[in-house]
file structure_6.cif (mmCIF, C-alpha atoms)
data_model
#
loop_
_atom_site.label_atom_id
_atom_site.label_comp_id
_atom_site.auth_asym_id
_atom_site.auth_seq_id
_atom_site.Cartn_x
_atom_site.Cartn_y
_atom_site.Cartn_z
CA MET A 30 116.08 132.89 146.12
CA SER A 31 114.50 129.65 144.98
CA TYR A 32 113.91 126.70 147.25
CA SER A 33 115.39 123.31 146.48
CA HIS A 34 114.55 120.09 148.28
CA ARG A 35 117.95 118.65 147.28
CA LEU A 36 120.14 117.74 150.22
CA ARG A 37 122.75 120.40 150.71
CA TYR A 38 125.82 118.21 151.27
CA TYR A 39 124.81 115.19 149.20
CA ASN A 40 126.91 114.01 146.27
CA TYR A 41 124.24 113.31 143.65
CA ALA A 42 126.85 111.74 141.35
CA SER A 43 127.99 109.04 143.79
CA PRO A 44 127.25 105.36 143.04
CA THR A 45 123.63 105.16 144.19
CA THR A 46 120.33 103.83 142.90
CA TRP A 47 117.60 106.45 142.66
CA PHE A 48 113.83 106.27 142.33
CA ILE A 49 112.67 109.31 140.39
CA THR A 50 109.28 110.71 139.48
CA ILE A 51 108.81 113.48 136.93
CA ASN A 52 105.36 115.04 136.47
CA THR A 53 104.00 116.74 133.41
CA HIS A 54 103.08 120.42 133.55
CA ASN A 55 99.76 120.78 135.37
CA ARG A 56 99.50 116.96 135.22
CA ILE A 57 98.40 117.16 131.58
CA PRO A 58 98.06 113.57 130.26
CA TYR A 59 100.54 114.03 127.39
CA PHE A 60 101.82 110.46 127.10
CA GLY A 61 98.77 108.29 126.44
CA GLN A 62 96.07 106.60 128.44
CA ILE A 63 95.36 103.60 130.60
CA GLN A 64 93.31 100.89 128.90
CA ASN A 65 92.32 97.83 130.95
CA GLY A 66 95.08 98.45 133.48
CA GLN A 67 97.78 98.80 130.81
CA MET A 68 99.51 101.98 129.67
CA GLU A 69 98.92 102.71 125.99
CA LEU A 70 101.60 105.14 124.85
CA ASN A 71 100.74 107.73 122.24
CA GLU A 72 103.32 109.46 120.02
CA PHE A 73 104.55 111.68 122.89
CA GLY A 74 104.76 108.69 125.23
CA ARG A 75 106.85 106.80 122.68
CA ILE A 76 109.16 109.84 122.42
CA ALA A 77 109.61 109.82 126.21
CA ALA A 78 110.34 106.05 126.19
CA GLU A 79 112.89 106.41 123.38
CA GLU A 80 114.67 109.31 125.06
CA TRP A 81 114.82 107.50 128.42
CA GLN A 82 116.38 104.44 126.79
CA LYS A 83 118.89 106.70 125.01
CA SER A 84 119.95 108.07 128.40
CA ALA A 85 122.08 105.03 129.23
CA GLN A 86 123.56 104.94 125.73
CA LEU A 87 124.64 108.57 126.02
CA ARG A 88 125.75 108.35 129.66
CA LYS A 89 127.95 105.33 130.32
CA HIS A 90 128.02 106.11 134.06
CA ILE A 91 124.37 105.11 134.56
CA SER A 92 122.32 101.94 134.34
CA LEU A 93 118.56 102.06 133.81
CA GLY A 94 116.26 99.90 135.87
CA GLU A 95 112.51 99.47 135.78
CA PHE A 96 110.55 102.45 134.44
CA VAL A 97 107.02 103.32 133.42
CA ILE A 98 105.60 106.21 131.47
CA MET A 99 102.14 107.13 132.71
CA PRO A 100 99.66 109.58 131.14
CA ASP A 101 100.87 112.49 133.29
CA HIS A 102 104.09 111.35 134.95
CA PHE A 103 107.13 109.12 134.71
CA HIS A 104 108.71 106.75 137.27
CA ALA A 105 112.14 105.16 136.97
CA LEU A 106 114.94 103.43 138.80
CA LEU A 107 118.36 104.71 137.82
CA THR A 108 121.75 103.56 139.12
CA PHE A 109 124.95 105.58 139.03
CA LEU A 110 127.89 103.28 138.41
CA PRO A 111 131.32 103.79 139.95
CA LEU A 112 133.68 105.32 137.43
CA PRO A 113 136.89 103.28 137.19
CA HIS A 114 139.20 106.27 136.70
CA GLU A 115 137.85 108.29 139.63
CA LEU A 116 138.54 107.83 143.31
CA PRO A 117 135.43 106.90 145.29
CA GLN A 118 133.75 109.99 146.70
CA PRO A 119 131.52 109.92 149.74
CA ARG A 120 127.81 110.54 149.35
CA TRP A 121 128.07 113.43 151.81
CA HIS A 122 130.62 115.97 150.76
CA PRO A 123 131.07 119.62 151.87
CA TYR A 124 132.11 120.60 148.32
CA TYR A 125 128.47 121.26 147.51
CA GLU A 126 128.20 123.87 150.26
CA LEU A 127 131.54 125.57 149.58
CA ARG A 128 131.27 125.74 145.79
CA PRO A 129 132.06 129.25 144.52
CA GLN A 130 129.08 131.37 143.53
CA LEU A 131 130.83 132.22 140.25
CA GLU A 132 130.50 128.63 139.09
CA ALA A 133 127.87 128.00 136.44
CA ARG A 134 124.34 127.44 137.69
CA GLY A 135 122.62 124.16 137.12
CA PRO A 136 123.29 120.59 138.09
CA LYS A 137 126.77 119.21 138.58
CA PRO A 138 127.91 117.30 135.46
CA LYS A 139 127.20 113.55 135.55
CA SER A 140 124.84 114.00 138.52
CA LEU A 141 121.22 112.96 138.95
CA GLY A 142 120.13 116.50 138.14
CA ALA A 143 122.15 116.50 134.92
CA VAL A 144 120.64 113.19 133.79
CA VAL A 145 117.08 114.33 134.54
CA ALA A 146 117.66 117.73 132.90
CA GLY A 147 119.06 116.10 129.77
CA PHE A 148 116.13 113.68 129.55
CA LYS A 149 113.54 116.40 130.08
CA ALA A 150 115.20 118.67 127.52
CA ALA A 151 115.38 115.94 124.87
CA VAL A 152 111.73 114.95 125.35
CA THR A 153 110.60 118.57 125.37
CA SER A 154 112.54 119.39 122.21
CA ARG A 155 111.09 116.48 120.26
CA ILE A 156 107.52 117.02 121.50
CA ASN A 157 107.66 120.76 120.79
CA GLN A 158 108.97 120.04 117.31
CA THR A 159 106.17 117.53 116.71
CA ARG A 160 103.38 119.79 117.97
CA GLN A 161 105.04 122.94 116.54
CA THR A 162 104.64 124.95 119.73
CA THR A 163 106.38 125.41 123.05
CA TYR A 164 103.21 126.03 125.04
CA PRO A 165 102.08 124.63 127.35
CA PRO A 166 105.33 123.29 128.80
CA VAL A 167 105.78 119.53 128.85
CA TRP A 168 107.21 119.09 132.36
CA GLN A 169 106.87 120.58 135.80
CA LYS A 170 109.99 122.50 136.80
CA ASN A 171 111.39 119.97 139.24
CA TYR A 172 111.28 116.25 139.95
CA HIS A 173 111.08 113.94 142.94
CA ASP A 174 113.93 111.66 143.94
CA ARG A 175 114.64 109.13 146.63
CA ALA A 176 117.80 107.12 147.18
CA VAL A 177 117.05 103.40 147.26
CA LYS A 178 118.45 102.20 150.59
CA ASP A 179 118.57 98.43 150.18
CA ALA A 180 117.44 95.38 148.20
CA LEU A 181 114.05 95.25 149.92
CA ALA A 182 113.31 98.89 149.04
CA HIS A 183 114.45 98.18 145.47
CA GLN A 184 112.04 95.24 145.29
CA HIS A 185 109.11 97.31 146.62
CA ILE A 186 109.79 100.20 144.23
CA THR A 187 110.13 97.84 141.26
CA ARG A 188 106.74 96.31 142.11
CA TYR A 189 105.22 99.78 142.54
CA ILE A 190 106.49 100.84 139.09
CA ARG A 191 105.23 97.65 137.41
CA GLU A 192 101.80 97.90 139.04
CA ASN A 193 101.40 101.65 138.57
CA PRO A 194 99.26 101.45 135.38
CA ALA A 195 96.77 99.06 137.01
CA ASN A 196 96.51 101.33 140.10
CA PHE A 197 96.47 104.67 138.28
CA ARG A 198 93.83 107.24 139.16
CA PRO A 199 94.12 110.35 136.94
CA SER A 200 94.42 113.73 138.64
CA VAL A 201 93.08 115.49 135.53
CA GLN A 202 90.24 114.02 133.52
CA PRO A 203 90.92 113.98 129.75
#

call {"tool": "encode", "arguments": {"input": "structure_6.cif", "output": "structure tokens"}}
result
Amino acid sequence: MSYSHRLRYYNYASPTTWFITINTHNRIPYFGQIQNGQMELNEFGRIAAEEWQKSAQLRKHISLGEFVIMPDHFHALLTFLPLPHELPQPRWHPYYELRPQLEARGPKPKSLGAVVAGFKAAVTSRINQTRQTTYPPVWQKNYHDRAVKDALAHQHITRYIRENPANFRPSVQP
């Protein structure tokens, strides 16, 4: 049985703004380097940026906010929009606990997990094609998420994302 830090009864497809962080495998600096406090994307970093921007084009139920691609991780704000043809669903919903075990594994369609999985898969596919190998993996297996509670939190997270390159301290030296 694998452990998940996802909240058991939370509806990860409800209209919410999320702050997400996705780390590269073993914090390998795949996406470029910091030069004078600015992120300089390399080819892989540009692939990640292109695929993130495609996310909102492919998924009309999301809106992208501030994001930054760092040498070994990615931060973004992402908002799930209310769908006009669906009834509003609460953020906390027992459906997630009672779901039949026969249902397909993986994230619920149109959820935060589905968006992140699609992004990671697209980036991985293009990078693996470019480097002509699948090893080492591009991403760590999971990601970090936090629901943005209010406008003040949104403001603080936006500033954090914008200032991240200037404050970056690499965990792995190139």

call {"tool": "resolve_selection", "arguments": {"input": "structure_6.cif", "expression": "the PyMOL selection byres ((chain A and resi 64-70) around 12)", "output": "ChimeraX atom specification"}}
result
/A:58-63,71-79,97-103,190-198

call {"tool": "residues_around", "arguments": {"input": "structure_6.cif", "residues": "Pro165 of chain A", "least_positions_apart": "2", "cutoff": "12 Å", "atoms": "all atoms listed in the file", "output": "list in words"}}
result
Thr53, His54, Asn55, Arg56, Ile57, Tyr59, Thr153, Ile156, Asn157, Arg160, Gln161, Thr162, Thr163, Val167, Trp168 and Gln169 of chain A

call {"tool": "residues_around", "arguments": {"input": "structure_6.cif", "residues": "Gly94 of chain A", "least_positions_apart": "6", "cutoff": "9 Å", "atoms": "all atoms listed in the file", "output": "ChimeraX atom specification"}}
result
/A:105-108,187

call {"tool": "atom_distance", "arguments": {"input": "structure_6.cif", "atom1": "atom CA of Lys89 of chain A", "atom2": "atom CA of Ala146 of chain A"}}
result
16.3 Å

call {"tool": "closest_residue", "arguments": {"input": "structure_6.cif", "among": "A:Ile186, A:Leu87, A:Leu181, A:Ala176", "to": "Leu141 of chain A", "atoms": "all atoms listed in the file"}}
result
A:Ala176

call {"tool": "residues_around", "arguments": {"input": "structure_6.cif", "residues": "Ser84 of chain A", "least_positions_apart": "2", "cutoff": "10 Å", "atoms": "all atoms listed in the file", "output": "ChimeraX atom specification"}}
result
/A:79-82,86-89,91-93,144-145,147-148,151

call {"tool": "atom_distance", "arguments": {"input": "structure_6.cif", "atom1": "atom CA of Asn171 of chain A", "atom2": "atom CA of Thr159 of chain A"}}
result
23.3 Å

call {"tool": "atom_distance", "arguments": {"input": "structure_6.cif", "atom1": "atom CA of Phe96 of chain A", "atom2": "atom CA of His185 of chain A"}}
result
13.3 Å

call {"tool": "axis_aligned_box", "arguments": {"input": "structure_6.cif", "around": "segment 53-64 of chain A", "padding_each_side": "6 Å", "output": "AutoDock Vina command-line options"}}
result
--center_x 98.7 --center_y 110.8 --center_z 130.9 --size_x 22.7 --size_y 31.9 --size_z 20.9
